[in-house]
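As structure tokens, the structure follows; a few thoughts come after it.
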Amino acid sequence: MTNIITDKNSKNAKKYPKAELLAPAGNMEKLVTALHFGADAVYFAGKSFGLRAFAGNFSDDEIAEAVRLAHAADAKAYVTLNIFASNSDFDKLADYLKVLEDAAVDAVLVSDAGVFDFVKSHSRLPIHVSTQANTTNKYAVAHWKKLGAERVVLAREMPLCEIAETARFCPDVQLEAFVHGAMCVSYSGRCLMSNYLVNRNSNRGECVQACRWEWQVREVSRDDWLPVYEDERGSYIFNSKDMNMLAYLPQLIDAGVVSLKIEGRMKSAFYVATVVAAYRRALDAIYSDSFTDELVAELDRELDKASHRDYTTGFYFDEEESRQYYDSSKAVEEYKFIAVVREARGGSLVVEQRNKFAVGDVLEALTLGEDCGKSFTVEKICDGDGNELDVCNKVQQLVTVNCPYSLSVGDILRRKE
């Protein structure tokens with residue numbers, strides 16, 4: 001990514017190398033949503049070898065279709081192969097790599113050294129080293145490059161100053177870093193808690209997120225519980241806040257990060273839409289020298305509309321801030337996904353319903369256009385036969401609603417709860 005983008009009309013605009021906005025795609029709907037709202041690349045998994053076994057994931061045919069859709073949108077498609085493999089996993093890996101090659105996947109994400117070597121010897125696929133490999137220093141990055149890696153996804157534990165040092169030390173390696181989403185309490189996601197408690201292997205994509213349960217701690221030789229709770233409900237002592245680095249994107253790009261990664265393959269399409277749209281607007285503003293405190297505040301309000309826990313900047317800065325979320329294991333959901341636009345007409349929309357709404361409800365537009373965040377009152381709902389409805393409560397039903405704004409197919413209507 002060597003091209004430089006800046007505002008041609010501003011003589012004083014700082015030039016920033018164009019960074020890739022990389023979005024999660026747990027299934028086909030989320031992939032299409034990510035592309036619609038401006039992702040430069042998407043990452044997803046097939047039915048095997050990925051660390052999100054309970055996401056929708058993609059069949060072999062769907063992988064080919066996903067890559068086709070991404071390339072048609074001038075975006076890239078990366079597939080995760082980031083499990084810590086057992087011997088038996090390699091029996092089917094060669095055939096799977098052929099599927100990925102035939103689909104023209106742009107790269108695979110790998111964490112296991114054996115899988116890395118196998119991919120190199122059985123395919124021509126570019127390799128990105130997964131964050132699960134917990135790469136925390138410049139020498140490890142250089143080592144992966146020597147082995148043939150095109151890109152390294154840095155550990156979340158790596159501070160920004162060391163990322164910049166690593167970029168200077170390894171200028172010929174692409175560096176990818178997470179900018180938004182859930183954080184794991186375990187070091188680079190290497191955890192056995194789920195394995196021990198419910199026999200679901202965290203490092204093979206089956207994590208139950210036991211760390212986010214409500215815990216109380218007692219040392220075995222004592223009768224009293226340790227006072228680790230915040231209030232009478234107990235404490236979520238392993239429950240991390242969510243990362244939000246939107247305000248610091250210029251610093252990340254300056255440090256040498258070429259791919260800005262959003263976490264969330266298990267999150268909803270509404271989450272993907274909201275977060276990708278906010279980061280897309282932020283990056284575009286950086287490139288046009290219009291990235292202001294006012295815009296950051298506006299986009300942070302947008303990010304609050306997606307399901308989230310309290311936000312943190314994680315380990316990027318040397319700050320004494322609490323990274324643990326003590327309120328609940330559940331994320332806050334202030335807005336509900338009501339419908340997705342399937343057809344735009346003058347003064348009205350054909351939408352596909354996702355949650356119940358009714359005449360009189362106030363809905364809000366989520367779009368990359370200038371009408372993002374604007375609201376309107378639902379005055380009329382008609383079904384496919386032209387019958388007027390007071391309430392729309394059939395999931396995925398196509399209905400027509402009034403709307404004064406110029407929205408596009410794929411845009412979203414949401415409602416404050």
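By order of appearance in the structure tokens: chains A, B, ..., then residues from 1 within every chain, and ligands from 1 in the order shown.
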For Thr400 in chain A, work out the shell of residues within 12 Å, counting only C-alpha atoms and skipping chain neighbours fewer than 3 positions away, then give it as a PyMOL selection string.
-> chain A and resi 339-353+359+378-389+392+397+403
Distance query range 371-373 of chain A at most 12 Å, only C-alpha atoms, self and fewer than 6 positions along chain excluded, as a list in words =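 In the requested form, the answer reads Phe37, Ala273, Thr274, Ala277, Ala278, Arg281, Glu298, Leu299, Arg301, Glu302, Leu303, Lys305, Tyr335, Val362, Leu363, Glu364, Ala365, Cys403, Pro404, Tyr405, Ser406, Leu407, Ser408, Asp411, Ile412, Leu413, Arg414, Arg415 and Lys416 of chain A.
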Spatial neighbours of Asn137 in chain A, 9 Å, only C-alpha atoms, chain gap at least 5 places, as a VMD selection string | chain A and resid 142 154 158 162 to 163 166
Determine, counting only C-alpha atoms, which protein, DNA and RNA residues have an atom within 9 Å of an atom of Glu62 in chain A; residues of the same chain fewer than 4 positions away are not included. Present the result as an MDAnalysis selection string.
-> chainID A and resid 28 46 57:58 66:67
Can those selected residues be exported to a file as an mmCIF file, in the first residue's frame so that it contains C-alpha atoms?
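Below is the file result-v9.cif, written as the result:
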```cif
data_model
loop_
_atom_site.group_PDB
_atom_site.id
_atom_site.type_symbol
_atom_site.label_atom_id
_atom_site.label_comp_id
_atom_site.auth_asym_id
_atom_site.auth_seq_id
_atom_site.Cartn_x
_atom_site.Cartn_y
_atom_site.Cartn_z
ATOM 1 C CA MET A 28 -22.462 -13.830 3.844
ATOM 2 C CA GLY A 46 -14.527 -21.736 6.021
ATOM 3 C CA ASN A 57 -18.798 -19.317 8.304
ATOM 4 C CA PHE A 58 -18.644 -20.275 4.634
ATOM 5 C CA ALA A 66 -17.508 -14.193 -1.108
ATOM 6 C CA VAL A 67 -14.214 -13.602 -2.909
#
```
Range 112-124 of chain A surroundings by only C-alpha atoms, 10 Å radius, close-in-sequence under 3 positions cut, as JSON, numbers by chain = {"A": [49, 81, 82, 83, 84, 85, 86, 87, 89, 90, 93, 94, 95, 97, 98, 100, 101, 107, 108, 109, 127, 128, 129, 130, 132, 133, 144, 147, 148, 149]}
Save out the residues we just selected, N, CA and C atoms, as a short mmCIF file (atom, residue, chain, number, x, y, z; two decimals), in the first residue's frame.
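Output (again_15.cif):
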```cif
data_model
loop_
_atom_site.label_atom_id
_atom_site.label_comp_id
_atom_site.auth_asym_id
_atom_site.auth_seq_id
_atom_site.Cartn_x
_atom_site.Cartn_y
_atom_site.Cartn_z
N PHE A 49 -10.81 -25.06 10.40
CA PHE A 49 -9.51 -24.42 10.55
C PHE A 49 -9.55 -22.99 11.05
N LEU A 81 -7.03 -19.52 8.84
CA LEU A 81 -6.60 -20.90 9.08
C LEU A 81 -5.83 -20.91 10.41
N ASN A 82 -6.37 -20.25 11.42
CA ASN A 82 -5.58 -19.92 12.59
C ASN A 82 -5.80 -20.80 13.82
N ILE A 83 -6.32 -22.01 13.64
CA ILE A 83 -6.37 -22.93 14.76
C ILE A 83 -4.97 -23.40 15.12
N PHE A 84 -4.79 -23.86 16.35
CA PHE A 84 -3.60 -24.61 16.70
C PHE A 84 -3.88 -26.06 16.35
N ALA A 85 -3.23 -26.53 15.32
CA ALA A 85 -3.63 -27.77 14.65
C ALA A 85 -3.16 -29.02 15.38
N SER A 86 -3.94 -30.10 15.24
CA SER A 86 -3.54 -31.44 15.63
C SER A 86 -3.08 -32.19 14.38
N ASN A 87 -2.45 -33.32 14.58
CA ASN A 87 -1.94 -34.09 13.44
C ASN A 87 -3.03 -34.39 12.42
N ASP A 89 -5.57 -32.77 11.59
CA ASP A 89 -6.07 -31.63 10.81
C ASP A 89 -5.42 -31.54 9.43
N PHE A 90 -4.21 -32.07 9.32
CA PHE A 90 -3.47 -31.93 8.07
C PHE A 90 -3.96 -32.88 6.98
N LEU A 93 -6.12 -30.65 4.84
CA LEU A 93 -5.70 -29.27 4.61
C LEU A 93 -5.26 -29.01 3.18
N ALA A 94 -4.60 -29.97 2.54
CA ALA A 94 -4.14 -29.75 1.17
C ALA A 94 -5.33 -29.52 0.23
N ASP A 95 -6.37 -30.33 0.37
CA ASP A 95 -7.56 -30.16 -0.47
C ASP A 95 -8.21 -28.81 -0.22
N LEU A 97 -6.73 -26.05 0.83
CA LEU A 97 -5.90 -25.00 0.23
C LEU A 97 -6.16 -24.88 -1.27
N LYS A 98 -6.42 -26.00 -1.91
CA LYS A 98 -6.75 -25.96 -3.35
C LYS A 98 -8.06 -25.21 -3.56
N LEU A 100 -9.20 -22.80 -1.72
CA LEU A 100 -8.91 -21.38 -1.51
C LEU A 100 -8.15 -20.78 -2.69
N GLU A 101 -7.23 -21.54 -3.24
CA GLU A 101 -6.51 -21.06 -4.42
C GLU A 101 -7.46 -20.89 -5.60
N ALA A 107 -5.30 -13.95 0.76
CA ALA A 107 -4.31 -14.40 1.74
C ALA A 107 -5.01 -15.29 2.76
N VAL A 108 -4.22 -16.07 3.48
CA VAL A 108 -4.75 -16.85 4.60
C VAL A 108 -4.06 -16.39 5.88
N LEU A 109 -4.80 -16.45 6.99
CA LEU A 109 -4.26 -16.09 8.30
C LEU A 109 -3.90 -17.36 9.05
N ILE A 127 0.61 -15.50 2.95
CA ILE A 127 0.34 -15.84 4.33
C ILE A 127 0.42 -14.60 5.22
N HIS A 128 -0.63 -14.42 6.03
CA HIS A 128 -0.63 -13.41 7.08
C HIS A 128 -0.54 -14.16 8.41
N VAL A 129 0.34 -13.73 9.28
CA VAL A 129 0.49 -14.37 10.59
C VAL A 129 -0.57 -13.81 11.54
N SER A 130 -1.40 -14.67 12.08
CA SER A 130 -2.52 -14.28 12.93
C SER A 130 -2.06 -13.67 14.25
N GLN A 132 -3.07 -14.55 16.92
CA GLN A 132 -3.00 -15.68 17.84
C GLN A 132 -1.55 -16.17 18.02
N ALA A 133 -0.67 -15.83 17.11
CA ALA A 133 0.74 -16.20 17.23
C ALA A 133 1.46 -15.33 18.25
N TRP A 144 9.19 -13.98 11.03
CA TRP A 144 8.08 -14.42 10.18
C TRP A 144 8.30 -13.99 8.74
N LEU A 147 10.59 -16.33 7.06
CA LEU A 147 9.92 -17.60 6.72
C LEU A 147 8.99 -17.47 5.51
N GLY A 148 8.66 -16.24 5.15
CA GLY A 148 7.82 -16.04 3.97
C GLY A 148 6.51 -15.35 4.20
N ALA A 149 6.29 -14.79 5.39
CA ALA A 149 5.03 -14.09 5.67
C ALA A 149 4.99 -12.76 4.93
#
```
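With only C-alpha atoms as the atoms that count, the minimum distance from Cys170 in chain A to the choices A:Glu157, A:Asp361, A:Glu150, A:Asp102 is reached by A:Glu150.
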